[in-house]
Amino acid sequence: MSGDTGTTAVAPPPGETEPGHGVRIVVEYCEPCGFEATYLELASAVKEQYPGIEIESRLGGTGAFEIEINGQLVFSKLENGGFPYEKDVSTCNTGNNPSSACPSKASSHSTPLAH
């Protein structure tokens, strides 16, 4: 027995930060509407691509699925009537993030991140 309790995260090389470091996303969603699964899917996809991002959830009102990046609302289901596309929640939409956290081109899909 080596005493290993699981996988260990690998830190970035000295002088470099993880992609997304310093970016904070808050997702406000309607739990009775069944949107928790959508939040969890989004959070997983974001953390996979940008491991340094801080992402948290808040319970919201009926029909809500609102996304803020660094305090700036970047998507509102209440205003748009649907779920976000990947380009809608790009950290590049905030205008106040380090360029190293932005992919060179935001990809867009023909289907939303969640249905």
# chains A, B, ... in the order shown; residues from 1 in each chain; ligands from 1

$ residues_around --residues "Glu54 in chain A" --least-positions-apart "3" --cutoff "9 Å" --atoms "only C-alpha atoms" --output "number ranges by chain"
A: 20-26, 47, 51

$ write_last_selection --atoms "C-alpha atoms" --output "PDB file, in the first residue's frame"
ATOM      1  CA  GLY A  20      -9.157  30.599 -16.722  1.00  0.00           C
ATOM      2  CA  HIS A  21      -7.279  31.633 -13.567  1.00  0.00           C
ATOM      3  CA  GLY A  22      -8.860  34.769 -12.083  1.00  0.00           C
ATOM      4  CA  VAL A  23     -12.211  34.241 -13.829  1.00  0.00           C
ATOM      5  CA  ARG A  24     -15.342  33.749 -11.717  1.00  0.00           C
ATOM      6  CA  ILE A  25     -18.583  32.403 -13.167  1.00  0.00           C
ATOM      7  CA  VAL A  26     -21.865  32.448 -11.264  1.00  0.00           C
ATOM      8  CA  LYS A  47     -13.839  23.232 -15.690  1.00  0.00           C
ATOM      9  CA  PRO A  51      -9.397  24.327 -14.883  1.00  0.00           C
TER      10      PRO A  51
END

$ closest_residue --among "A:Asp88, A:Glu48, A:Ile55, A:Ala64" --to "Gly34 in chain A" --atoms "only C-alpha atoms"
A:Ala64

$ residues_around --residues "Ile67 in chain A" --least-positions-apart "4" --cutoff "10 Å" --atoms "only C-alpha atoms" --output "PyMOL selection string"
chain A and resi 25-29+39+57+71-77+84+88-89
